[in-house]
file coords_37.cif (mmCIF, C-alpha atoms and all ligand atoms)
data_protein
#
loop_
_atom_site.label_atom_id
_atom_site.label_comp_id
_atom_site.auth_asym_id
_atom_site.auth_seq_id
_atom_site.Cartn_x
_atom_site.Cartn_y
_atom_site.Cartn_z
CA MET A 1 -26.00 -7.76 18.99
CA SER A 2 -24.20 -8.38 22.24
CA PRO A 3 -23.01 -6.20 25.13
CA PHE A 4 -19.64 -7.90 24.70
CA TRP A 5 -19.12 -6.25 21.32
CA SER A 6 -16.89 -3.20 20.94
CA PRO A 7 -19.07 -0.24 19.89
CA LEU A 8 -17.57 -0.22 16.40
CA VAL A 9 -18.84 -3.74 15.71
CA HIS A 10 -22.44 -2.54 16.02
CA GLN A 11 -21.74 -0.01 13.23
CA LEU A 12 -20.23 -2.40 10.67
CA ALA A 13 -21.93 -3.28 7.38
CA PRO A 14 -19.98 -6.39 6.32
CA TYR A 15 -19.44 -7.18 2.65
CA VAL A 16 -21.49 -10.11 1.39
CA PRO A 17 -19.42 -12.20 -1.04
CA GLY A 18 -21.04 -14.05 -3.91
CA GLU A 19 -22.28 -17.52 -3.09
CA GLN A 20 -19.80 -20.42 -3.07
CA PRO A 21 -22.30 -23.26 -3.54
CA LYS A 22 -21.69 -26.72 -2.12
CA LEU A 23 -23.40 -28.27 -5.16
CA THR A 24 -20.77 -29.18 -7.73
CA HIS A 25 -22.92 -29.63 -10.82
CA LEU A 26 -23.75 -25.90 -11.08
CA VAL A 27 -22.45 -23.67 -13.86
CA LYS A 28 -20.85 -21.08 -11.61
CA LEU A 29 -20.75 -17.66 -13.26
CA ASN A 30 -21.27 -15.51 -10.16
CA THR A 31 -17.92 -14.49 -8.65
CA ASN A 32 -15.64 -13.80 -11.62
CA GLU A 33 -13.28 -16.66 -11.00
CA ASN A 34 -11.21 -17.74 -13.99
CA PRO A 35 -12.65 -20.81 -15.77
CA TYR A 36 -9.13 -22.07 -16.54
CA PRO A 37 -6.72 -23.58 -14.01
CA PRO A 38 -3.64 -21.66 -12.84
CA SER A 39 -0.27 -22.25 -14.47
CA PRO A 40 1.00 -25.82 -13.84
CA LYS A 41 4.17 -24.15 -12.54
CA VAL A 42 2.17 -22.95 -9.53
CA LEU A 43 1.48 -26.49 -8.36
CA ALA A 44 5.07 -27.52 -9.09
CA ALA A 45 6.39 -24.61 -6.98
CA ILE A 46 4.07 -25.47 -4.09
CA GLN A 47 5.10 -29.13 -4.23
CA ALA A 48 8.77 -28.15 -4.32
CA GLU A 49 8.27 -25.90 -1.31
CA LEU A 50 6.79 -28.83 0.59
CA GLY A 51 9.74 -30.95 -0.58
CA GLY A 52 7.99 -34.28 -0.09
CA ASP A 53 7.39 -33.68 3.59
CA ALA A 54 5.93 -30.72 5.38
CA ALA A 55 8.96 -29.96 7.55
CA ARG A 56 9.40 -26.49 6.07
CA LEU A 57 6.01 -25.53 7.38
CA ARG A 58 7.64 -25.47 10.85
CA LEU A 59 9.29 -22.22 9.84
CA TYR A 60 7.68 -18.83 9.41
CA PRO A 61 7.54 -17.50 5.84
CA ASP A 62 9.55 -14.47 4.68
CA PRO A 63 7.74 -11.50 6.30
CA THR A 64 8.94 -9.15 3.56
CA ALA A 65 8.05 -11.48 0.64
CA THR A 66 11.30 -10.40 -1.01
CA ALA A 67 11.38 -12.94 -3.86
CA LEU A 68 7.73 -12.45 -4.85
CA ARG A 69 8.02 -8.65 -4.75
CA ALA A 70 11.18 -8.83 -6.89
CA SER A 71 9.32 -10.90 -9.53
CA ILE A 72 6.40 -8.48 -9.62
CA ALA A 73 8.80 -5.51 -9.83
CA THR A 74 10.74 -7.09 -12.70
CA LEU A 75 7.57 -7.90 -14.65
CA HIS A 76 6.30 -4.33 -14.43
CA GLY A 77 9.59 -2.39 -14.59
CA LEU A 78 9.39 -1.21 -10.97
CA ALA A 79 11.77 -1.27 -8.01
CA PRO A 80 11.03 -3.84 -5.27
CA GLU A 81 10.41 -0.95 -2.82
CA GLN A 82 7.53 0.07 -5.07
CA VAL A 83 5.68 -3.21 -4.54
CA PHE A 84 3.57 -4.34 -1.58
CA VAL A 85 1.92 -7.77 -1.30
CA GLY A 86 -1.00 -8.94 0.82
CA ASN A 87 -3.48 -11.70 1.51
CA GLY A 88 -5.70 -11.05 -1.50
CA SER A 89 -6.15 -7.58 -2.91
CA ASP A 90 -9.05 -7.05 -0.50
CA GLU A 91 -6.49 -6.99 2.31
CA VAL A 92 -4.23 -4.70 0.29
CA LEU A 93 -7.20 -2.38 -0.29
CA ALA A 94 -8.09 -2.46 3.42
CA HIS A 95 -4.57 -1.36 4.30
CA ALA A 96 -4.73 1.38 1.65
CA PHE A 97 -7.97 2.71 3.14
CA MET A 98 -6.35 2.90 6.55
CA ALA A 99 -2.89 4.06 5.48
CA LEU A 100 -3.63 6.49 2.64
CA LEU A 101 -7.32 7.38 2.37
CA ASN A 102 -8.38 8.40 5.90
CA HIS A 103 -7.85 12.16 6.24
CA ARG A 104 -9.23 15.05 8.27
CA ALA A 105 -9.11 18.78 7.70
CA GLU A 106 -7.23 21.01 10.18
CA ASP A 107 -10.51 21.81 11.98
CA GLY A 108 -11.07 18.08 12.53
CA SER A 109 -13.82 17.70 9.93
CA ALA A 110 -13.77 14.58 7.79
CA ARG A 111 -12.33 14.76 4.28
CA PRO A 112 -14.47 12.35 2.26
CA LEU A 113 -13.27 9.52 0.07
CA LEU A 114 -14.66 9.70 -3.46
CA TYR A 115 -15.77 6.71 -5.48
CA PRO A 116 -18.37 6.08 -8.21
CA ASP A 117 -22.01 5.54 -7.18
CA ILE A 118 -21.92 2.16 -8.91
CA THR A 119 -18.74 0.34 -7.95
CA TYR A 120 -17.13 -2.43 -5.90
CA SER A 121 -19.29 -2.84 -2.82
CA PHE A 122 -16.35 -3.51 -0.50
CA TYR A 123 -15.48 0.23 -0.54
CA PRO A 124 -18.42 1.32 1.67
CA THR A 125 -17.62 -1.60 4.00
CA TYR A 126 -14.06 -0.36 4.53
CA CYS A 127 -15.34 3.18 5.05
CA ARG A 128 -17.52 1.93 7.94
CA LEU A 129 -14.67 -0.08 9.39
CA TYR A 130 -12.24 2.84 9.41
CA GLY A 131 -14.66 5.70 10.05
CA ILE A 132 -14.12 7.26 6.60
CA THR A 133 -16.90 9.42 5.12
CA PRO A 134 -17.76 8.23 1.61
CA GLN A 135 -18.81 10.60 -1.15
CA THR A 136 -20.19 8.98 -4.28
CA VAL A 137 -19.91 10.52 -7.74
CA PRO A 138 -22.51 9.31 -10.28
CA LEU A 139 -21.48 7.49 -13.44
CA ASP A 140 -22.79 9.07 -16.63
CA GLU A 141 -25.88 7.76 -18.42
CA ARG A 142 -23.71 5.19 -20.26
CA PHE A 143 -22.31 3.93 -16.94
CA GLN A 144 -18.90 5.53 -17.54
CA ILE A 145 -16.71 7.16 -14.88
CA ARG A 146 -16.63 10.94 -15.34
CA VAL A 147 -13.19 12.30 -14.53
CA ASP A 148 -14.41 15.91 -14.69
CA ALA A 149 -17.02 15.17 -12.02
CA LEU A 150 -14.43 13.43 -9.81
CA ILE A 151 -12.13 16.45 -10.05
CA ALA A 152 -14.90 18.97 -9.37
CA THR A 153 -16.31 16.97 -6.44
CA ALA A 154 -12.85 16.41 -4.95
CA ARG A 155 -12.28 20.16 -4.94
CA ALA A 156 -15.78 21.06 -3.73
CA THR A 157 -15.75 18.59 -0.82
CA ASN A 158 -12.05 18.85 0.09
CA ALA A 159 -11.87 15.10 -0.50
CA GLY A 160 -9.00 13.18 1.08
CA GLY A 161 -8.67 10.64 -1.74
CA VAL A 162 -10.25 8.86 -4.71
CA ILE A 163 -10.68 5.15 -5.44
CA PHE A 164 -12.23 3.27 -8.34
CA PRO A 165 -11.75 -0.06 -10.12
CA ASN A 166 -10.49 -0.01 -13.70
CA PRO A 167 -12.29 -1.63 -15.40
CA ASN A 168 -15.09 -0.65 -13.03
CA ALA A 169 -17.04 -3.34 -11.21
CA PRO A 170 -19.73 -4.47 -11.77
CA THR A 171 -20.04 -2.60 -15.08
CA GLY A 172 -16.86 -3.92 -16.74
CA CYS A 173 -16.25 -0.54 -18.39
CA GLY A 174 -12.65 0.68 -18.68
CA LEU A 175 -11.25 4.18 -18.30
CA ALA A 176 -8.46 5.28 -20.65
CA ARG A 177 -5.00 5.78 -19.15
CA ALA A 178 -4.97 9.38 -20.40
CA GLU A 179 -8.11 10.07 -18.35
CA ILE A 180 -6.50 8.62 -15.21
CA GLU A 181 -3.45 10.77 -15.85
CA ARG A 182 -5.68 13.85 -16.14
CA LEU A 183 -7.16 13.01 -12.71
CA LEU A 184 -3.73 12.47 -11.13
CA THR A 185 -2.46 15.77 -12.50
CA ALA A 186 -5.55 17.71 -11.39
CA LEU A 187 -5.43 16.34 -7.82
CA PRO A 188 -1.69 16.18 -7.07
CA ASP A 189 -2.09 16.30 -3.28
CA ARG A 190 -4.61 13.46 -2.93
CA VAL A 191 -3.97 9.75 -3.28
CA VAL A 192 -5.78 8.10 -6.18
CA VAL A 193 -6.13 4.31 -5.85
CA VAL A 194 -6.84 2.40 -9.07
CA ASP A 195 -8.10 -1.12 -8.33
CA GLU A 196 -7.02 -3.08 -11.42
CA ALA A 197 -8.54 -6.44 -10.46
CA TYR A 198 -9.65 -7.05 -14.08
CA VAL A 199 -7.14 -5.01 -16.05
CA ASP A 200 -5.52 -8.01 -17.76
CA PHE A 201 -8.73 -8.67 -19.71
CA GLY A 202 -8.24 -5.69 -21.98
CA ALA A 203 -8.09 -2.34 -20.16
CA GLU A 204 -5.12 0.06 -19.99
CA SER A 205 -3.11 -0.28 -16.81
CA ALA A 206 -2.08 2.82 -14.86
CA LEU A 207 1.21 1.15 -13.81
CA PRO A 208 3.29 3.18 -16.35
CA LEU A 209 2.05 6.38 -14.63
CA ILE A 210 3.69 5.54 -11.29
CA ALA A 211 7.08 7.05 -12.17
CA ALA A 212 5.60 10.51 -12.77
CA HIS A 213 2.83 10.49 -10.17
CA PRO A 214 3.67 10.13 -6.46
CA ASN A 215 -0.08 10.18 -5.62
CA LEU A 216 -0.93 6.98 -7.56
CA LEU A 217 -1.42 3.54 -6.01
CA VAL A 218 -2.34 0.67 -8.35
CA VAL A 219 -3.80 -2.52 -6.84
CA HIS A 220 -3.78 -5.93 -8.56
CA THR A 221 -5.02 -9.40 -7.64
CA LEU A 222 -3.95 -12.88 -8.68
CA SER A 223 -7.54 -14.07 -8.14
CA LYS A 224 -8.92 -13.25 -11.58
CA SER A 225 -6.49 -13.27 -14.51
CA ARG A 226 -4.08 -15.68 -12.78
CA SER A 227 -6.76 -18.14 -11.68
CA LEU A 228 -5.66 -18.09 -8.03
CA ALA A 229 -8.69 -16.91 -6.06
CA GLY A 230 -8.07 -19.82 -3.68
CA LEU A 231 -4.47 -18.84 -2.88
CA ARG A 232 -5.28 -15.27 -1.69
CA VAL A 233 -2.61 -13.01 -3.14
CA GLY A 234 -2.83 -9.39 -4.22
CA PHE A 235 -0.36 -6.55 -4.59
CA ALA A 236 -0.10 -2.80 -4.73
CA ALA A 237 2.38 -0.71 -6.70
CA GLY A 238 3.26 2.91 -6.21
CA GLN A 239 6.17 5.15 -5.30
CA ALA A 240 8.15 3.93 -2.28
CA GLU A 241 6.61 6.46 0.12
CA LEU A 242 3.09 5.15 -0.49
CA VAL A 243 4.28 1.55 -0.20
CA GLU A 244 6.02 2.37 3.08
CA ALA A 245 2.67 3.51 4.53
CA LEU A 246 1.14 0.14 3.62
CA VAL A 247 4.08 -1.72 5.17
CA ARG A 248 3.68 0.26 8.40
CA VAL A 249 0.01 -0.72 8.66
CA LYS A 250 0.69 -4.34 7.70
CA ASP A 251 3.42 -4.66 10.31
CA SER A 252 1.01 -3.30 12.90
CA PHE A 253 -1.49 -6.00 11.98
CA ASN A 254 0.08 -9.25 10.73
CA SER A 255 3.75 -9.77 9.87
CA TYR A 256 3.03 -12.85 7.74
CA PRO A 257 -0.04 -12.26 5.57
CA LEU A 258 1.26 -14.67 2.90
CA ASP A 259 2.13 -18.22 3.88
CA ARG A 260 4.98 -20.22 2.35
CA LEU A 261 2.77 -21.91 -0.25
CA ALA A 262 1.16 -18.65 -1.34
CA LEU A 263 4.55 -16.95 -1.71
CA VAL A 264 6.04 -19.57 -4.03
CA GLY A 265 2.79 -20.24 -5.90
CA ALA A 266 2.21 -16.56 -6.59
CA GLN A 267 5.77 -16.08 -7.78
CA ALA A 268 5.43 -18.96 -10.24
CA ALA A 269 2.17 -17.50 -11.53
CA ILE A 270 3.67 -14.03 -12.01
CA GLU A 271 6.64 -15.49 -13.91
CA ASP A 272 4.55 -17.65 -16.27
CA VAL A 273 3.69 -14.85 -18.66
CA ALA A 274 2.86 -17.27 -21.48
CA TRP A 275 0.14 -18.96 -19.40
CA LEU A 276 -1.43 -15.62 -18.57
CA GLU A 277 -1.40 -14.65 -22.23
CA GLN A 278 -3.02 -17.89 -23.35
CA THR A 279 -5.79 -17.97 -20.73
CA ARG A 280 -6.72 -14.32 -20.88
CA THR A 281 -6.89 -14.47 -24.68
CA ALA A 282 -9.28 -17.42 -24.39
CA VAL A 283 -11.47 -15.53 -21.89
CA MET A 284 -11.55 -12.39 -24.06
CA ARG A 285 -12.51 -14.43 -27.11
CA SER A 286 -15.36 -16.11 -25.21
CA ARG A 287 -16.46 -12.71 -23.94
CA GLU A 288 -16.80 -11.27 -27.43
CA GLN A 289 -18.89 -14.23 -28.53
CA LEU A 290 -21.04 -14.06 -25.39
CA VAL A 291 -21.66 -10.33 -25.87
CA ALA A 292 -22.80 -10.96 -29.45
CA GLU A 293 -25.12 -13.81 -28.44
CA LEU A 294 -26.67 -11.85 -25.57
CA ALA A 295 -27.28 -8.90 -27.88
CA GLU A 296 -29.00 -11.27 -30.32
CA LEU A 297 -31.34 -12.34 -27.50
CA GLY A 298 -32.31 -8.71 -26.94
CA PHE A 299 -30.03 -7.88 -24.00
CA ASP A 300 -28.44 -4.46 -23.54
CA VAL A 301 -24.82 -5.36 -22.81
CA LEU A 302 -22.30 -2.79 -21.55
CA PRO A 303 -18.95 -2.83 -23.37
CA SER A 304 -16.76 -5.04 -21.15
CA GLN A 305 -13.00 -5.02 -20.69
CA ALA A 306 -13.26 -7.53 -17.84
CA ASN A 307 -13.90 -11.28 -17.46
CA PHE A 308 -17.60 -10.64 -16.93
CA VAL A 309 -20.42 -8.88 -18.74
CA PHE A 310 -23.08 -6.62 -17.27
CA ALA A 311 -26.37 -6.92 -19.10
CA ARG A 312 -30.09 -6.30 -18.80
CA HIS A 313 -33.08 -7.45 -20.79
CA PRO A 314 -35.72 -4.77 -21.39
CA ALA A 315 -38.58 -7.25 -20.87
CA HIS A 316 -37.31 -9.28 -17.90
CA PRO A 317 -36.55 -8.06 -14.35
CA GLY A 318 -33.06 -8.94 -13.11
CA ALA A 319 -34.23 -10.89 -10.06
CA ALA A 320 -36.56 -13.07 -12.16
CA LEU A 321 -33.83 -13.82 -14.69
CA GLN A 322 -31.40 -14.77 -11.94
CA GLN A 323 -33.99 -17.09 -10.41
CA ALA A 324 -34.88 -18.69 -13.75
CA LEU A 325 -31.19 -19.36 -14.43
CA ARG A 326 -30.75 -20.85 -10.99
CA GLU A 327 -33.57 -23.28 -11.69
CA ARG A 328 -31.49 -24.38 -14.65
CA ALA A 329 -28.38 -24.84 -12.43
CA ILE A 330 -26.64 -21.66 -13.61
CA ILE A 331 -25.70 -19.03 -11.05
CA VAL A 332 -24.96 -15.39 -11.87
CA ARG A 333 -24.73 -12.26 -9.69
CA HIS A 334 -27.61 -9.83 -9.27
CA PHE A 335 -27.45 -6.61 -7.22
CA THR A 336 -30.71 -5.14 -5.94
CA ARG A 337 -29.07 -1.77 -5.27
CA PRO A 338 -28.55 0.88 -6.45
CA GLU A 339 -31.86 0.89 -8.26
CA ARG A 340 -30.24 1.85 -11.53
CA ILE A 341 -28.66 -1.61 -11.81
CA ALA A 342 -31.49 -3.66 -10.25
CA ASN A 343 -32.37 -5.19 -13.63
CA HIS A 344 -28.81 -6.00 -14.61
CA LEU A 345 -27.04 -9.31 -14.22
CA ARG A 346 -23.30 -9.65 -13.80
CA ILE A 347 -22.25 -12.78 -15.65
CA THR A 348 -18.75 -14.21 -15.40
CA VAL A 349 -17.24 -15.32 -18.71
CA GLY A 350 -16.81 -19.08 -18.39
CA THR A 351 -15.43 -21.72 -20.73
CA PRO A 352 -17.03 -21.89 -24.20
CA ALA A 353 -19.19 -24.80 -22.92
CA GLU A 354 -20.35 -22.81 -19.88
CA CYS A 355 -21.16 -19.77 -22.03
CA ALA A 356 -23.12 -22.00 -24.41
CA ALA A 357 -25.10 -23.48 -21.49
CA LEU A 358 -25.91 -19.96 -20.31
CA VAL A 359 -27.03 -18.79 -23.74
CA ASP A 360 -29.17 -21.93 -24.22
CA ALA A 361 -30.88 -21.35 -20.87
CA LEU A 362 -31.48 -17.67 -21.61
CA ARG A 363 -32.92 -18.56 -25.02
CA GLN A 364 -35.55 -20.69 -23.25
CA ILE A 365 -36.23 -18.00 -20.61
CA VAL A 366 -36.57 -14.89 -22.79
C1 LIG B 401 -12.29 -9.58 -7.04
C2 LIG B 401 -12.01 -8.15 -6.73
C3 LIG B 401 -11.07 -7.78 -5.76
C4 LIG B 401 -10.56 -8.74 -4.74
O1 LIG B 401 -9.75 -9.69 -5.07
P1 LIG B 401 -9.03 -10.64 -4.03
O2 LIG B 401 -7.61 -10.47 -4.40
O3 LIG B 401 -9.57 -11.98 -4.32
O4 LIG B 401 -9.29 -10.18 -2.62
C5 LIG B 401 -10.77 -6.45 -5.59
N1 LIG B 401 -11.39 -5.50 -6.30
C6 LIG B 401 -12.32 -5.80 -7.22
C7 LIG B 401 -12.97 -4.71 -7.97
C8 LIG B 401 -12.66 -7.13 -7.44
O5 LIG B 401 -13.63 -7.43 -8.30
#

call {"tool": "encode", "arguments": {"input": "coords_37.cif", "output": "structure tokens"}}
result
Amino acid sequence: MSPFWSPLVHQLAPYVPGEQPKLTHLVKLNTNENPYPPSPKVLAAIQAELGGDAARLRLYPDPTATALRASIATLHGLAPEQVFVGNGSDEVLAHAFMALLNHRAEDGSARPLLYPDITYSFYPTYCRLYGITPQTVPLDERFQIRVDALIATARATNAGGVIFPNPNAPTGCGLARAEIERLLTALPDRVVVVDEAYVDFGAESALPLIAAHPNLLVVHTLSKSRSLAGLRVGFAAGQAELVEALVRVKDSFNSYPLDRLALVGAQAAIEDVAWLEQTRTAVMRSREQLVAELAELGFDVLPSQANFVFARHPAHPGAALQQALRERAIIVRHFTRPERIANHLRITVGTPAECAALVDALRQIV
């Protein structure tokens, strides 16, 4: 606290990212990074951009990211004007909150933003930052998103928008594309943002719905399925009018959110479809084995379509399990709130060797 702070700063509730430990011997299964390296073409593209010396770094990067946006558009059958890129999808999401999800009624009262009660914990942080009123909608007893409840609550509260991850985080549960379409059709005058950070690990993407639904914005990241958490690239796709709103906010904030190395590296990653296919298949295979082994140890494991599993053991509190794993040099994520998930652990799917180390440790603990 300081008198130098702008009043807003006193109100913020910053997001706390998962630990990035300095110790290198740990089995790190806490922040959903990909256990496999990015496509070798990413490194080649970055080296080519540097061209043996760093002279090109004198020059600003392309502020419109034309080549990268064209690659993303081609991959997903979109027009380049339907694609926006940013410095990680967290930045893309932040711009979406400001540009598309902050609405007031004619009498000046806030129109809330709806999201599930158990979801990505950056959403409440952005609400504080931008002065948006959040309205949570409970998941059902099986931790699934209830589209009927979202529709009813949106109408009852005059909500200004809806956001959720698909698959949801930290549950890993996916929502069928037909259900998302039902939501878009029921709420045609509100923006629905679908945060598809984990969609490549087995869920149905909403991208094919963009053509018919001007109220849909789909957000992707290269941090998870493309193994590039360290490069910081994310994108949004939607009809050109929605994308234009994001561009207006971005160009009021930072003209160059992606540097030269990120632009070429991301483009190489997007274009190496075979690498994506190979690595995500390996992760999904490890996930199925991990789910089976955890179930054998007595865990309740939610069905996951992501690169992590969300599990609890009926006889062991979540905090104690996390601590016992840590003592064995394995780190996983544990959320103390909401209470309903206080005994769950969110465990990133690692390599087969990392998964085996986890299962061995849990076998000793439980
Ligand atoms: C990891 C994650 C992101 C953020 O990804 P970055 O592109 O690394 O900023 C966004 N949404 C959800 C649900 C995530 O889990």

call {"tool": "closest_atom_pairs", "arguments": {"input": "coords_37.cif", "of": "chain A", "to": "ligand LIG 401 (chain B)", "cutoff": "7 Å", "atoms": "only C-alpha atoms and all ligand atoms", "output": "tab-separated table"}}
result
residue	atom	partner	partner_atom	distance
A:Gly88	CA	B:LIG401	O2	3.5
A:Ser89	CA	B:LIG401	O2	3.6
A:Asp90	CA	B:LIG401	O4	3.8
A:Glu91	CA	B:LIG401	O4	6.5
A:Tyr120	CA	B:LIG401	C7	5.2
A:Pro165	CA	B:LIG401	C7	5.3
A:Asn168	CA	B:LIG401	C7	6.8
A:Ala169	CA	B:LIG401	C7	5.4
A:Asp195	CA	B:LIG401	N1	5.8
A:Ala197	CA	B:LIG401	C6	5.0
A:Thr221	CA	B:LIG401	O2	4.3
A:Leu222	CA	B:LIG401	O2	6.1
A:Ser223	CA	B:LIG401	O3	4.8
A:Lys224	CA	B:LIG401	C1	6.7
A:Ala229	CA	B:LIG401	O3	5.3
A:Arg232	CA	B:LIG401	O2	6.0
A:Val233	CA	B:LIG401	O2	5.7
A:Gly234	CA	B:LIG401	O2	4.9

call {"tool": "residues_around", "arguments": {"input": "coords_37.cif", "residues": "region 264-275 of chain A", "least_positions_apart": "6", "cutoff": "6 Å", "atoms": "only C-alpha atoms", "output": "PyMOL selection string"}}
result
chain A and resi 39+41-42+45-46+68

call {"tool": "write_last_selection", "arguments": {"input": "coords_37.cif", "atoms": "C-alpha atoms", "output": "PDB file, in the frame of the given file"}}
result
ATOM      1  CA  SER A  39      -0.270 -22.250 -14.470  1.00  0.00           C
ATOM      2  CA  LYS A  41       4.170 -24.150 -12.540  1.00  0.00           C
ATOM      3  CA  VAL A  42       2.170 -22.950  -9.530  1.00  0.00           C
ATOM      4  CA  ALA A  45       6.390 -24.610  -6.980  1.00  0.00           C
ATOM      5  CA  ILE A  46       4.070 -25.470  -4.090  1.00  0.00           C
ATOM      6  CA  LEU A  68       7.730 -12.450  -4.850  1.00  0.00           C
TER       7      LEU A  68
END

call {"tool": "atom_distance", "arguments": {"input": "coords_37.cif", "atom1": "CA of Ile330 (chain A)", "atom2": "CA of Phe164 (chain A)"}}
result
29.3 Å

call {"tool": "atom_distance", "arguments": {"input": "coords_37.cif", "atom1": "CA of Arg190 (chain A)", "atom2": "CA of Val162 (chain A)"}}
result
7.5 Å

call {"tool": "closest_residue", "arguments": {"input": "coords_37.cif", "among": "A:Ile341, A:Ala186, A:Ala356, A:Leu231", "to": "Val291 (chain A)", "atoms": "all atoms listed in the file"}}
result
A:Ala356

call {"tool": "residues_near_point", "arguments": {"input": "coords_37.cif", "point": "(0.4, -2.2, -2.5)", "cutoff": "7 Å", "atoms": "only C-alpha atoms", "output": "ChimeraX atom specification"}}
result
/A:83-85,92,217,219,235-238,243,246

call {"tool": "closest_atom_pairs", "arguments": {"input": "coords_37.cif", "of": "region 32-87 of chain A", "to": "region 342-352 of chain A", "cutoff": "9 Å", "atoms": "all atoms listed in the file", "output": "Markdown table"}}
result
| residue | atom | partner | partner_atom | distance |
| --- | --- | --- | --- | --- |
| A:Asn32 | CA | A:Thr348 | CA | 4.9 |
| A:Glu33 | CA | A:Thr348 | CA | 7.4 |
| A:Asn34 | CA | A:Gly350 | CA | 7.2 |
| A:Pro35 | CA | A:Gly350 | CA | 5.2 |
| A:Tyr36 | CA | A:Thr351 | CA | 7.6 |

call {"tool": "atom_distance", "arguments": {"input": "coords_37.cif", "atom1": "CA of Asn87 (chain A)", "atom2": "CA of Tyr60 (chain A)"}}
result
15.4 Å

call {"tool": "closest_residue", "arguments": {"input": "coords_37.cif", "among": "A:Ala306, A:Cys355, A:Leu276, A:Ile145", "to": "Pro37 (chain A)", "atoms": "only C-alpha atoms"}}
result
A:Leu276
